[in-house]
$ cat data-v4.cif   # mmCIF, C-alpha atoms
data_run
loop_
_atom_site.label_atom_id
_atom_site.label_comp_id
_atom_site.auth_asym_id
_atom_site.auth_seq_id
_atom_site.Cartn_x
_atom_site.Cartn_y
_atom_site.Cartn_z
CA MET A 1 -22.61 -0.43 -23.83
CA ARG A 2 -20.09 2.36 -23.74
CA LYS A 3 -16.47 1.68 -24.52
CA GLY A 4 -14.25 0.33 -21.75
CA ILE A 5 -12.87 2.78 -19.21
CA LEU A 6 -9.32 1.59 -19.68
CA GLY A 7 -6.88 1.85 -22.52
CA VAL A 8 -3.49 0.42 -23.34
CA ALA A 9 -0.89 1.70 -20.93
CA ALA A 10 1.68 4.19 -22.02
CA VAL A 11 5.01 2.42 -21.65
CA SER A 12 8.38 4.09 -21.64
CA VAL A 13 9.80 2.71 -24.83
CA ALA A 14 11.35 4.78 -27.55
CA VAL A 15 9.97 2.90 -30.50
CA LEU A 16 6.95 0.69 -30.96
CA THR A 17 8.17 -2.89 -30.86
CA SER A 18 7.16 -4.74 -33.99
CA LEU A 19 7.94 -8.31 -34.90
CA THR A 20 6.94 -10.41 -37.86
CA LEU A 21 6.42 -14.09 -37.15
CA THR A 22 5.43 -16.52 -39.85
CA ALA A 23 2.44 -18.74 -39.28
CA CYS A 24 -0.37 -20.20 -41.33
CA GLY A 25 -3.48 -18.24 -42.18
CA ASP A 26 -7.03 -19.32 -41.38
CA ASP A 27 -10.15 -17.94 -42.98
CA SER A 28 -12.56 -20.37 -41.33
CA LYS A 29 -15.74 -18.75 -40.01
CA SER A 30 -16.43 -21.31 -37.30
CA SER A 31 -14.98 -21.71 -33.81
CA GLY A 32 -14.23 -24.82 -31.83
CA GLY A 33 -11.77 -27.71 -31.58
CA GLY A 34 -10.05 -29.70 -34.31
CA GLY A 35 -8.44 -27.72 -37.08
CA ALA A 36 -8.28 -24.48 -35.11
CA LYS A 37 -5.20 -22.42 -35.94
CA ILE A 38 -5.30 -20.76 -32.52
CA GLY A 39 -5.22 -22.81 -29.33
CA VAL A 40 -6.02 -21.16 -26.00
CA ILE A 41 -5.18 -22.83 -22.67
CA LEU A 42 -6.64 -21.29 -19.51
CA PRO A 43 -5.26 -22.37 -16.13
CA ASP A 44 -8.21 -23.28 -13.87
CA SER A 45 -11.53 -22.07 -12.52
CA LYS A 46 -10.76 -22.47 -8.81
CA THR A 47 -8.26 -19.73 -8.01
CA SER A 48 -10.28 -17.00 -9.71
CA ALA A 49 -13.70 -16.98 -11.35
CA ARG A 50 -12.36 -14.67 -14.09
CA TRP A 51 -10.89 -17.39 -16.30
CA GLU A 52 -14.29 -18.89 -17.13
CA THR A 53 -16.63 -15.97 -16.53
CA ALA A 54 -14.57 -13.34 -18.34
CA ASP A 55 -11.49 -14.51 -20.26
CA ARG A 56 -13.14 -17.42 -22.06
CA LYS A 57 -16.17 -15.34 -22.99
CA TYR A 58 -14.25 -12.33 -24.26
CA LEU A 59 -11.67 -14.37 -26.15
CA GLN A 60 -14.39 -16.38 -27.86
CA GLN A 61 -16.28 -13.21 -28.76
CA ALA A 62 -13.13 -11.68 -30.26
CA PHE A 63 -12.37 -14.76 -32.35
CA ASP A 64 -15.99 -15.13 -33.47
CA SER A 65 -16.14 -11.45 -34.43
CA ALA A 66 -13.06 -11.92 -36.61
CA GLY A 67 -14.42 -15.15 -38.09
CA VAL A 68 -11.42 -17.12 -36.86
CA LYS A 69 -11.54 -20.66 -35.56
CA ALA A 70 -10.09 -21.11 -32.07
CA ASP A 71 -10.01 -23.94 -29.56
CA ILE A 72 -10.31 -22.72 -25.95
CA GLN A 73 -9.71 -25.24 -23.17
CA ASN A 74 -9.14 -25.07 -19.41
CA ALA A 75 -6.51 -27.25 -17.71
CA GLN A 76 -8.39 -27.01 -14.38
CA GLY A 77 -5.18 -26.79 -12.39
CA ASP A 78 -3.79 -30.07 -13.76
CA LYS A 79 -0.21 -29.71 -15.04
CA THR A 80 -0.32 -32.99 -16.96
CA ALA A 81 -3.60 -31.99 -18.57
CA PHE A 82 -2.08 -28.63 -19.51
CA GLN A 83 0.69 -30.32 -21.48
CA THR A 84 -1.70 -32.86 -23.02
CA ILE A 85 -4.03 -30.10 -24.20
CA ALA A 86 -1.10 -28.23 -25.77
CA ASP A 87 0.07 -31.40 -27.55
CA GLN A 88 -3.42 -32.06 -28.91
CA MET A 89 -3.81 -28.49 -30.15
CA MET A 90 -0.50 -28.59 -32.00
CA THR A 91 -1.28 -32.03 -33.43
CA ASN A 92 -4.60 -30.66 -34.66
CA GLY A 93 -2.87 -27.85 -36.53
CA ALA A 94 -2.64 -24.89 -34.16
CA SER A 95 0.03 -22.45 -35.37
CA VAL A 96 -0.37 -20.11 -32.37
CA LEU A 97 -0.78 -21.04 -28.71
CA LEU A 98 -2.18 -18.42 -26.33
CA MET A 99 -1.67 -19.73 -22.83
CA THR A 100 -1.82 -18.86 -19.14
CA ASN A 101 0.66 -21.15 -17.42
CA LEU A 102 0.03 -23.02 -14.19
CA ASP A 103 3.69 -22.56 -13.33
CA SER A 104 6.79 -21.61 -15.28
CA GLY A 105 8.13 -25.17 -15.36
CA THR A 106 5.03 -26.55 -17.07
CA GLY A 107 4.77 -23.52 -19.34
CA LYS A 108 8.42 -23.73 -20.34
CA ALA A 109 8.06 -27.39 -21.39
CA VAL A 110 5.12 -26.47 -23.61
CA ILE A 111 6.93 -23.50 -25.17
CA GLN A 112 10.02 -25.55 -25.94
CA LYS A 113 7.91 -28.19 -27.67
CA ALA A 114 5.98 -25.51 -29.56
CA LYS A 115 9.17 -23.87 -30.80
CA ALA A 116 10.46 -27.23 -32.03
CA GLN A 117 7.26 -27.53 -34.08
CA GLY A 118 7.34 -23.97 -35.40
CA VAL A 119 4.36 -22.90 -33.28
CA THR A 120 4.27 -19.33 -31.95
CA VAL A 121 3.45 -18.84 -28.24
CA ILE A 122 1.83 -15.86 -26.56
CA ASP A 123 2.01 -15.80 -22.74
CA TYR A 124 -1.40 -14.54 -21.62
CA ASP A 125 -1.62 -12.69 -18.29
CA ARG A 126 1.30 -14.65 -16.75
CA LEU A 127 4.86 -14.60 -18.02
CA THR A 128 6.55 -18.00 -18.28
CA LEU A 129 9.97 -17.44 -16.72
CA GLY A 130 12.74 -18.77 -18.92
CA GLY A 131 10.17 -19.90 -21.44
CA GLY A 132 10.97 -17.66 -24.36
CA ALA A 133 7.42 -16.95 -25.53
CA GLN A 134 7.43 -14.60 -28.52
CA PHE A 135 4.92 -12.23 -26.90
CA TYR A 136 3.35 -11.44 -23.54
CA VAL A 137 -0.08 -9.82 -23.06
CA SER A 138 -1.04 -8.65 -19.59
CA PHE A 139 -1.61 -5.74 -17.29
CA ASP A 140 1.19 -3.80 -15.67
CA ASN A 141 1.34 -6.07 -12.62
CA VAL A 142 3.83 -3.95 -10.68
CA LYS A 143 1.32 -1.11 -11.05
CA VAL A 144 -1.47 -3.43 -9.84
CA GLY A 145 0.64 -4.20 -6.76
CA SER A 146 1.32 -0.51 -6.18
CA LEU A 147 -2.44 0.14 -6.24
CA LEU A 148 -2.98 -2.63 -3.67
CA GLY A 149 -0.40 -1.07 -1.35
CA GLU A 150 -1.68 2.46 -1.91
CA GLY A 151 -5.23 1.28 -1.22
CA VAL A 152 -4.47 -0.31 2.13
CA ALA A 153 -2.33 2.70 3.11
CA LYS A 154 -5.17 5.07 2.17
CA CYS A 155 -7.78 3.12 4.13
CA LEU A 156 -5.54 2.91 7.19
CA THR A 157 -4.84 6.65 6.98
CA ASP A 158 -8.57 7.35 6.63
CA LYS A 159 -9.09 5.38 9.85
CA ASN A 160 -6.33 7.36 11.59
CA ALA A 161 -4.65 4.06 12.45
CA ALA A 162 -1.61 4.50 14.67
CA LYS A 163 1.37 2.36 13.59
CA PRO A 164 -0.86 -0.43 12.24
CA VAL A 165 0.55 -3.90 11.64
CA VAL A 166 0.18 -4.77 7.94
CA ALA A 167 0.16 -8.41 6.85
CA TYR A 168 0.90 -9.70 3.34
CA LEU A 169 -1.15 -12.54 1.88
CA ASN A 170 0.77 -13.07 -1.33
CA GLY A 171 -0.13 -15.02 -4.46
CA GLY A 172 1.32 -18.35 -5.55
CA PRO A 173 5.11 -18.53 -5.09
CA THR A 174 5.61 -20.05 -8.56
CA ASP A 175 3.60 -17.34 -10.34
CA ASN A 176 5.72 -14.46 -11.64
CA ASN A 177 2.66 -12.20 -11.38
CA ALA A 178 2.67 -12.70 -7.61
CA THR A 179 6.31 -11.60 -7.55
CA LEU A 180 5.51 -8.49 -9.61
CA LEU A 181 2.53 -7.66 -7.41
CA LYS A 182 4.62 -7.91 -4.26
CA THR A 183 7.29 -5.72 -5.84
CA GLY A 184 4.58 -3.11 -6.35
CA TYR A 185 2.98 -3.10 -2.91
CA ASP A 186 6.25 -3.52 -1.05
CA GLY A 187 7.58 -0.52 -2.96
CA VAL A 188 4.71 1.55 -1.55
CA LEU A 189 4.70 0.19 1.99
CA LYS A 190 8.38 -0.44 2.79
CA PRO A 191 9.12 3.31 3.13
CA LYS A 192 6.25 3.49 5.62
CA PHE A 193 7.66 0.53 7.56
CA ASP A 194 11.12 2.08 7.52
CA ALA A 195 9.72 5.40 8.75
CA GLY A 196 7.83 3.73 11.58
CA GLN A 197 4.42 4.84 10.24
CA PHE A 198 3.34 1.23 9.72
CA VAL A 199 4.68 -2.03 11.17
CA LYS A 200 5.55 -4.98 8.90
CA GLY A 201 3.47 -7.99 9.91
CA PRO A 202 3.30 -11.62 8.74
CA ASP A 203 4.28 -12.12 5.11
CA GLN A 204 3.37 -15.39 3.44
CA ALA A 205 2.67 -16.78 -0.04
CA VAL A 206 -0.41 -18.90 -0.71
CA PRO A 207 0.46 -22.02 -2.74
CA GLU A 208 -1.30 -22.01 -6.11
CA TRP A 209 -3.46 -19.06 -4.96
CA ASP A 210 -5.64 -21.62 -3.18
CA ASN A 211 -8.39 -19.81 -1.28
CA THR A 212 -8.91 -22.59 1.26
CA GLN A 213 -5.21 -22.59 2.13
CA ALA A 214 -5.34 -18.80 2.30
CA GLY A 215 -7.97 -19.00 5.02
CA THR A 216 -5.85 -21.41 7.05
CA ILE A 217 -2.71 -19.33 6.56
CA PHE A 218 -4.45 -16.10 7.56
CA GLU A 219 -6.06 -17.70 10.60
CA GLN A 220 -2.57 -18.72 11.75
CA MET A 221 -1.32 -15.18 11.05
CA LEU A 222 -4.09 -13.65 13.13
CA THR A 223 -3.56 -16.12 15.98
CA GLY A 224 0.15 -15.30 16.09
CA THR A 225 -0.35 -11.56 15.53
CA PRO A 226 -3.83 -10.66 16.83
CA ASN A 227 -3.25 -6.92 16.34
CA ILE A 228 -3.06 -7.08 12.53
CA GLY A 229 -4.46 -3.76 11.34
CA GLY A 230 -4.39 -4.16 7.55
CA VAL A 231 -4.05 -6.95 4.99
CA VAL A 232 -2.56 -6.72 1.52
CA ALA A 233 -4.23 -9.69 -0.17
CA ALA A 234 -3.07 -10.31 -3.72
CA ASN A 235 -6.51 -10.99 -5.23
CA ASP A 236 -10.20 -11.01 -4.35
CA GLY A 237 -10.25 -14.74 -3.56
CA LEU A 238 -7.45 -14.40 -1.02
CA ALA A 239 -9.10 -11.24 0.31
CA ASN A 240 -12.40 -13.05 0.85
CA ALA A 241 -10.59 -15.85 2.70
CA ALA A 242 -9.04 -13.27 5.04
CA ILE A 243 -12.37 -11.46 5.47
CA ALA A 244 -14.08 -14.72 6.48
CA VAL A 245 -11.49 -15.19 9.23
CA LEU A 246 -11.81 -11.56 10.34
CA GLU A 247 -15.59 -11.91 10.41
CA LYS A 248 -15.32 -14.78 12.90
CA GLN A 249 -13.43 -12.40 15.19
CA LYS A 250 -15.88 -9.55 14.47
CA LEU A 251 -13.03 -7.62 12.86
CA ASN A 252 -14.40 -7.44 9.32
CA GLY A 253 -14.80 -3.84 8.23
CA GLN A 254 -12.31 -2.72 10.87
CA VAL A 255 -9.21 -4.18 9.19
CA PRO A 256 -8.70 -2.86 5.63
CA VAL A 257 -8.12 -5.65 3.09
CA SER A 258 -7.04 -5.24 -0.54
CA GLY A 259 -7.89 -7.39 -3.53
CA GLN A 260 -7.84 -7.44 -7.30
CA ASP A 261 -9.84 -8.80 -10.27
CA ALA A 262 -13.10 -6.94 -9.51
CA THR A 263 -14.98 -10.21 -9.07
CA VAL A 264 -18.63 -10.06 -8.04
CA GLN A 265 -17.63 -11.30 -4.59
CA GLY A 266 -14.83 -8.73 -4.34
CA LEU A 267 -17.10 -5.87 -5.41
CA GLN A 268 -19.75 -6.97 -2.92
CA ASN A 269 -17.13 -7.00 -0.17
CA VAL A 270 -16.12 -3.47 -1.17
CA LEU A 271 -19.76 -2.32 -1.04
CA LYS A 272 -20.18 -3.90 2.41
CA GLY A 273 -17.06 -2.14 3.68
CA ASP A 274 -15.29 -5.42 4.39
CA GLN A 275 -12.75 -4.85 1.59
CA CYS A 276 -10.90 -1.57 1.16
CA LEU A 277 -10.58 -1.82 -2.63
CA THR A 278 -10.29 -4.15 -5.55
CA VAL A 279 -8.23 -3.50 -8.67
CA TYR A 280 -10.12 -3.66 -11.94
CA LYS A 281 -8.35 -5.04 -14.95
CA ALA A 282 -10.54 -4.63 -18.02
CA ILE A 283 -10.19 -8.26 -19.09
CA LYS A 284 -12.28 -7.61 -22.20
CA LYS A 285 -9.52 -5.31 -23.43
CA GLU A 286 -6.83 -7.82 -22.45
CA ALA A 287 -8.64 -10.62 -24.29
CA GLU A 288 -9.24 -8.44 -27.34
CA ALA A 289 -5.59 -7.40 -27.48
CA ALA A 290 -4.43 -11.01 -27.16
CA ALA A 291 -6.91 -12.25 -29.78
CA GLU A 292 -5.94 -9.48 -32.21
CA LEU A 293 -2.26 -10.40 -31.80
CA ALA A 294 -2.91 -14.13 -32.22
CA ILE A 295 -5.03 -13.59 -35.34
CA ALA A 296 -2.38 -11.38 -36.93
CA LEU A 297 0.29 -14.00 -36.28
CA THR A 298 -1.75 -16.83 -37.84
CA LYS A 299 -2.01 -14.72 -40.97
CA GLY A 300 1.72 -14.04 -41.13
CA GLN A 301 1.15 -10.39 -40.28
CA GLN A 302 3.13 -8.23 -37.89
CA GLY A 303 2.60 -8.62 -34.19
CA GLN A 304 2.95 -5.33 -32.35
CA ALA A 305 3.83 -4.66 -28.72
CA ASN A 306 3.75 -1.39 -26.79
CA GLY A 307 6.65 -2.29 -24.51
CA THR A 308 8.76 -5.07 -23.05
CA VAL A 309 8.84 -7.01 -19.79
CA LYS A 310 12.08 -8.38 -18.36
CA ASP A 311 12.27 -12.14 -17.96
CA PRO A 312 14.59 -12.33 -14.92
CA GLU A 313 15.40 -15.99 -15.51
CA ALA A 314 16.24 -15.79 -19.21
CA LYS A 315 17.54 -12.23 -18.78
CA THR A 316 15.72 -11.17 -21.92
CA ASP A 317 13.14 -8.50 -22.74
CA VAL A 318 9.88 -10.05 -23.93
CA PRO A 319 7.84 -7.93 -26.40
CA SER A 320 4.67 -7.13 -24.49
CA VAL A 321 1.24 -5.59 -24.76
CA LEU A 322 0.58 -3.99 -21.36
CA LEU A 323 -2.70 -2.51 -20.19
CA GLU A 324 -3.47 -0.12 -17.35
CA PRO A 325 -5.29 -1.25 -14.14
CA LYS A 326 -7.73 0.91 -12.15
CA PRO A 327 -8.33 1.02 -8.38
CA ILE A 328 -11.95 0.49 -7.35
CA TYR A 329 -13.09 1.89 -4.03
CA VAL A 330 -16.74 1.92 -3.05
CA GLN A 331 -17.35 5.10 -5.08
CA GLN A 332 -16.05 3.47 -8.28
CA VAL A 333 -17.94 0.15 -8.14
CA LYS A 334 -20.55 1.68 -10.44
CA ASP A 335 -17.84 2.21 -13.07
CA VAL A 336 -17.20 -1.54 -13.30
CA VAL A 337 -20.92 -2.14 -13.85
CA ALA A 338 -21.11 0.67 -16.41
CA ASP A 339 -18.17 -0.89 -18.23
CA GLY A 340 -20.13 -4.12 -18.63
CA TYR A 341 -17.67 -6.28 -16.71
CA VAL A 342 -20.33 -7.34 -14.21
CA THR A 343 -24.08 -6.81 -14.40
CA LYS A 344 -26.26 -5.07 -11.87
CA ALA A 345 -28.39 -8.22 -11.66
CA GLU A 346 -25.51 -10.46 -10.57
CA LEU A 347 -23.93 -7.87 -8.27
CA CYS A 348 -26.94 -6.33 -6.53
CA THR A 349 -28.52 -9.38 -4.90
CA GLY A 350 -30.08 -9.70 -1.43
CA GLU A 351 -28.67 -7.29 1.12
CA ILE A 352 -26.34 -5.83 -1.53
CA ALA A 353 -29.29 -4.32 -3.44
CA LYS A 354 -29.64 -1.42 -1.01
CA LEU A 355 -25.88 -0.84 -0.96
CA CYS A 356 -25.95 -0.70 -4.77
CA ALA A 357 -28.73 1.89 -4.69
CA ASP A 358 -26.89 3.92 -2.05
CA ASN A 359 -23.80 3.99 -4.31
CA GLY A 360 -25.48 4.96 -7.57
CA ILE A 361 -25.64 1.52 -9.16
#

$ encode --input "data-v4.cif" --output "structure tokens"
Amino acid sequence: MRKGILGVAAVSVAVLTSLTLTACGDDSKSSGGGGAKIGVILPDSKTSARWETADRKYLQQAFDSAGVKADIQNAQGDKTAFQTIADQMMTNGASVLLMTNLDSGTGKAVIQKAKAQGVTVIDYDRLTLGGGAQFYVSFDNVKVGSLLGEGVAKCLTDKNAAKPVVAYLNGGPTDNNATLLKTGYDGVLKPKFDAGQFVKGPDQAVPEWDNTQAGTIFEQMLTGTPNIGGVVAANDGLANAAIAVLEKQKLNGQVPVSGQDATVQGLQNVLKGDQCLTVYKAIKKEAEAAAELAIALTKGQQGQANGTVKDPEAKTDVPSVLLEPKPIYVQQVKDVVADGYVTKAELCTGEIAKLCADNGI
């Protein structure tokens, strides 16, 4: 497999941020639960398939390759379970927690307890507002949002749409990533609304990124505003929920819809023409960067960041490792397969097989 198509983003910082945090070393060659110096808490498997199909796999591979013992668990959307898992990991000797919060309140409680016990915390993919994690590893989420907005604008322009109504189907209101995404796509589209090129349509957040609720919300949007011409959906799951509603009205393929995560479902929707684009975040690189940072910290080595992200609640700059996202239109779907993120076998099934062949996959 060739190397990933993405690299670490260039961030406008004058000097490479470098911190030294003291933690215990671990030379164990096994991986698993008790005794692991690195604890990883993933959020769920419902809102996006990525957490189990990609993040877990790539994190485990990175730890195994380094011969470091890690305990990876999934809270499955349960805030109480999230805190219980964190407590168990710290009790069992974890000196570094790598976590993707369910919300900032839950994440903050865990970080505060970790700090009291001398445990280092890395926010993975989502920043815990007001939490004070020592590091943050993610993609440039404002840039992801900009790509979502640019994608829908491009597809509407390609269709010669006249003053189309654009609806926003935003991510979870308690997730800072959803806020950053919206900052990105609103930054692209607001000038078009202000200039009268596009018309601002319904704008609603989807609690906890729940795809079922997204379908209900979008159905209500379309009932109230039947002339919706484009949809900025904040990820592939929300996009698919909107597409299912559009399909019932025989509008799928006519109304451009954005998404992100380059899930199999999202890529298939792009190939079918039902989804304008998805945004690919090379999660293997994100997981490898996070694992490398966590391993260094357990060994008392320096943790390095290539930039900072502002925590608007704590009003602090969090040392961050930020990676660059890539827009995937139908012509670029083959790049995601070539990068090894999804396989041809899982993507090119049934009616999609011919579309794969037609697009060089």

$ resolve_selection --input "data-v4.cif" --expression "the PyMOL selection byres ((chain A and resi 108) around 10)" --output "mmCIF file with C-alpha atoms, in the frame of the given file"
data_model
loop_
_atom_site.group_PDB
_atom_site.id
_atom_site.type_symbol
_atom_site.label_atom_id
_atom_site.label_comp_id
_atom_site.auth_asym_id
_atom_site.auth_seq_id
_atom_site.Cartn_x
_atom_site.Cartn_y
_atom_site.Cartn_z
ATOM 1 C CA ASN A 101 0.660 -21.150 -17.420
ATOM 2 C CA ASP A 103 3.690 -22.560 -13.330
ATOM 3 C CA SER A 104 6.790 -21.610 -15.280
ATOM 4 C CA GLY A 105 8.130 -25.170 -15.360
ATOM 5 C CA THR A 106 5.030 -26.550 -17.070
ATOM 6 C CA GLY A 107 4.770 -23.520 -19.340
ATOM 7 C CA ALA A 109 8.060 -27.390 -21.390
ATOM 8 C CA VAL A 110 5.120 -26.470 -23.610
ATOM 9 C CA ILE A 111 6.930 -23.500 -25.170
ATOM 10 C CA GLN A 112 10.020 -25.550 -25.940
ATOM 11 C CA LYS A 113 7.910 -28.190 -27.670
ATOM 12 C CA ALA A 114 5.980 -25.510 -29.560
ATOM 13 C CA THR A 128 6.550 -18.000 -18.280
ATOM 14 C CA LEU A 129 9.970 -17.440 -16.720
ATOM 15 C CA GLY A 130 12.740 -18.770 -18.920
ATOM 16 C CA GLY A 131 10.170 -19.900 -21.440
ATOM 17 C CA GLY A 132 10.970 -17.660 -24.360
ATOM 18 C CA ALA A 133 7.420 -16.950 -25.530
#

$ closest_residue --input "data-v4.cif" --among "A:Gly300, A:Gly201, A:Pro319, A:Gly273" --to "A:Pro226" --atoms "only C-alpha atoms"
A:Gly201

$ atom_distance --input "data-v4.cif" --atom1 "atom CA of A:Lys79" --atom2 "atom CA of A:Val40"
15.1 Å

$ closest_residue --input "data-v4.cif" --among "A:Ala205, A:Ala178, A:Asp194, A:Leu277" --to "A:Ala153" --atoms "only C-alpha atoms"
A:Leu277

$ resolve_selection --input "data-v4.cif" --expression "the PyMOL selection byres ((chain A and resi 152) around 10)" --output "list in words"
Leu147, Leu148, Gly149, Glu150, Gly151, Ala153, Lys154, Cys155, Leu156, Thr157, Asp158, Val166, Tyr185, Leu189, Gly229, Gly230, Val231, Val232, Ala233, Val255, Pro256, Val257, Ser258, Gly259, Gln275, Cys276 and Leu277 of chain A

$ closest_residue --input "data-v4.cif" --among "A:Cys348, A:Ala86, A:Ala70, A:Leu267" --to "A:Val121" --atoms "all atoms listed in the file"
A:Ala86

$ resolve_selection --input "data-v4.cif" --expression "the PyMOL selection byres ((chain A and resi 355) around 12)" --output "list in words"
Leu267, Gln268, Asn269, Val270, Leu271, Lys272, Gly273, Val330, Gln331, Val333, Lys334, Lys344, Leu347, Cys348, Thr349, Gly350, Glu351, Ile352, Ala353, Lys354, Cys356, Ala357, Asp358, Asn359, Gly360 and Ile361 of chain A

$ write_last_selection --input "data-v4.cif" --atoms "C-alpha atoms" --output "short mmCIF file (atom, residue, chain, number, x, y, z; two decimals), in the coordinates of the input"
data_model
loop_
_atom_site.label_atom_id
_atom_site.label_comp_id
_atom_site.auth_asym_id
_atom_site.auth_seq_id
_atom_site.Cartn_x
_atom_site.Cartn_y
_atom_site.Cartn_z
CA LEU A 267 -17.10 -5.87 -5.41
CA GLN A 268 -19.75 -6.97 -2.92
CA ASN A 269 -17.13 -7.00 -0.17
CA VAL A 270 -16.12 -3.47 -1.17
CA LEU A 271 -19.76 -2.32 -1.04
CA LYS A 272 -20.18 -3.90 2.41
CA GLY A 273 -17.06 -2.14 3.68
CA VAL A 330 -16.74 1.92 -3.05
CA GLN A 331 -17.35 5.10 -5.08
CA VAL A 333 -17.94 0.15 -8.14
CA LYS A 334 -20.55 1.68 -10.44
CA LYS A 344 -26.26 -5.07 -11.87
CA LEU A 347 -23.93 -7.87 -8.27
CA CYS A 348 -26.94 -6.33 -6.53
CA THR A 349 -28.52 -9.38 -4.90
CA GLY A 350 -30.08 -9.70 -1.43
CA GLU A 351 -28.67 -7.29 1.12
CA ILE A 352 -26.34 -5.83 -1.53
CA ALA A 353 -29.29 -4.32 -3.44
CA LYS A 354 -29.64 -1.42 -1.01
CA CYS A 356 -25.95 -0.70 -4.77
CA ALA A 357 -28.73 1.89 -4.69
CA ASP A 358 -26.89 3.92 -2.05
CA ASN A 359 -23.80 3.99 -4.31
CA GLY A 360 -25.48 4.96 -7.57
CA ILE A 361 -25.64 1.52 -9.16
#

$ residues_around --input "data-v4.cif" --residues "A:Thr308" --least-positions-apart "5" --cutoff "7 Å" --atoms "all atoms listed in the file" --output "PDB file with C-alpha atoms, in the frame of the given file"
ATOM      1  CA  ASP A 317      13.140  -8.500 -22.740  1.00  0.00           C
ATOM      2  CA  VAL A 318       9.880 -10.050 -23.930  1.00  0.00           C
ATOM      3  CA  PRO A 319       7.840  -7.930 -26.400  1.00  0.00           C
ATOM      4  CA  SER A 320       4.670  -7.130 -24.490  1.00  0.00           C
TER       5      SER A 320
END

$ closest_residue --input "data-v4.cif" --among "A:Leu246, A:Val188, A:Leu251, A:Ala167" --to "A:Ile228" --atoms "only C-alpha atoms"
A:Ala167

$ closest_residue --input "data-v4.cif" --among "A:Ala75, A:Val165, A:Val142, A:Ile243" --to "A:Phe193" --atoms "all atoms listed in the file"
A:Val165

$ axis_aligned_box --input "data-v4.cif" --around "stretch 245-254 of chain A" --padding-each-side "8 Å" --output "lines of an AutoDock Vina configuration file"
center_x = -13.7
center_y = -9.0
center_z = 11.7
size_x = 20.4
size_y = 28.5
size_z = 23.0

$ residues_around --input "data-v4.cif" --residues "A:Ile217" --least-positions-apart "5" --cutoff "9 Å" --atoms "only C-alpha atoms" --output "VMD selection string"
chain A and resid 169 204 to 206 212 222 242

$ atom_distance --input "data-v4.cif" --atom1 "atom CA of A:Thr183" --atom2 "atom CA of A:Thr263"
22.9 Å

$ closest_residue --input "data-v4.cif" --among "A:Ala262, A:Ala54, A:Ala49, A:Met99" --to "A:Ala290" --atoms "only C-alpha atoms"
A:Met99

$ residues_around --input "data-v4.cif" --residues "A:Pro43" --least-positions-apart "2" --cutoff "12 Å" --atoms "all atoms listed in the file" --output "compact mmCIF listing (two decimals) with C-alpha atoms, keeping the file's coordinate frame"
# COMPACT_ATOMS: atom_id res chain seq x y z
CA VAL A 40 -6.02 -21.16 -26.00
CA ILE A 41 -5.18 -22.83 -22.67
CA SER A 45 -11.53 -22.07 -12.52
CA LYS A 46 -10.76 -22.47 -8.81
CA THR A 47 -8.26 -19.73 -8.01
CA SER A 48 -10.28 -17.00 -9.71
CA ALA A 49 -13.70 -16.98 -11.35
CA ARG A 50 -12.36 -14.67 -14.09
CA TRP A 51 -10.89 -17.39 -16.30
CA GLU A 52 -14.29 -18.89 -17.13
CA ASP A 55 -11.49 -14.51 -20.26
CA ARG A 56 -13.14 -17.42 -22.06
CA ILE A 72 -10.31 -22.72 -25.95
CA GLN A 73 -9.71 -25.24 -23.17
CA ASN A 74 -9.14 -25.07 -19.41
CA ALA A 75 -6.51 -27.25 -17.71
CA GLN A 76 -8.39 -27.01 -14.38
CA GLY A 77 -5.18 -26.79 -12.39
CA ASP A 78 -3.79 -30.07 -13.76
CA LYS A 79 -0.21 -29.71 -15.04
CA THR A 80 -0.32 -32.99 -16.96
CA ALA A 81 -3.60 -31.99 -18.57
CA PHE A 82 -2.08 -28.63 -19.51
CA GLN A 83 0.69 -30.32 -21.48
CA ILE A 85 -4.03 -30.10 -24.20
CA LEU A 98 -2.18 -18.42 -26.33
CA MET A 99 -1.67 -19.73 -22.83
CA THR A 100 -1.82 -18.86 -19.14
CA ASN A 101 0.66 -21.15 -17.42
CA LEU A 102 0.03 -23.02 -14.19
CA ASP A 103 3.69 -22.56 -13.33
CA THR A 106 5.03 -26.55 -17.07
CA GLY A 107 4.77 -23.52 -19.34
CA ASP A 123 2.01 -15.80 -22.74
CA TYR A 124 -1.40 -14.54 -21.62
CA ASP A 125 -1.62 -12.69 -18.29
CA ARG A 126 1.30 -14.65 -16.75
CA ASP A 175 3.60 -17.34 -10.34
CA GLU A 208 -1.30 -22.01 -6.11
CA TRP A 209 -3.46 -19.06 -4.96

$ atom_distance --input "data-v4.cif" --atom1 "atom CA of A:Phe139" --atom2 "atom CA of A:Pro325"
6.6 Å

$ residues_around --input "data-v4.cif" --residues "A:Phe198" --least-positions-apart "2" --cutoff "6 Å" --atoms "all atoms listed in the file" --output "MDAnalysis selection string"
chainID A and resid 163:164 192:193 196
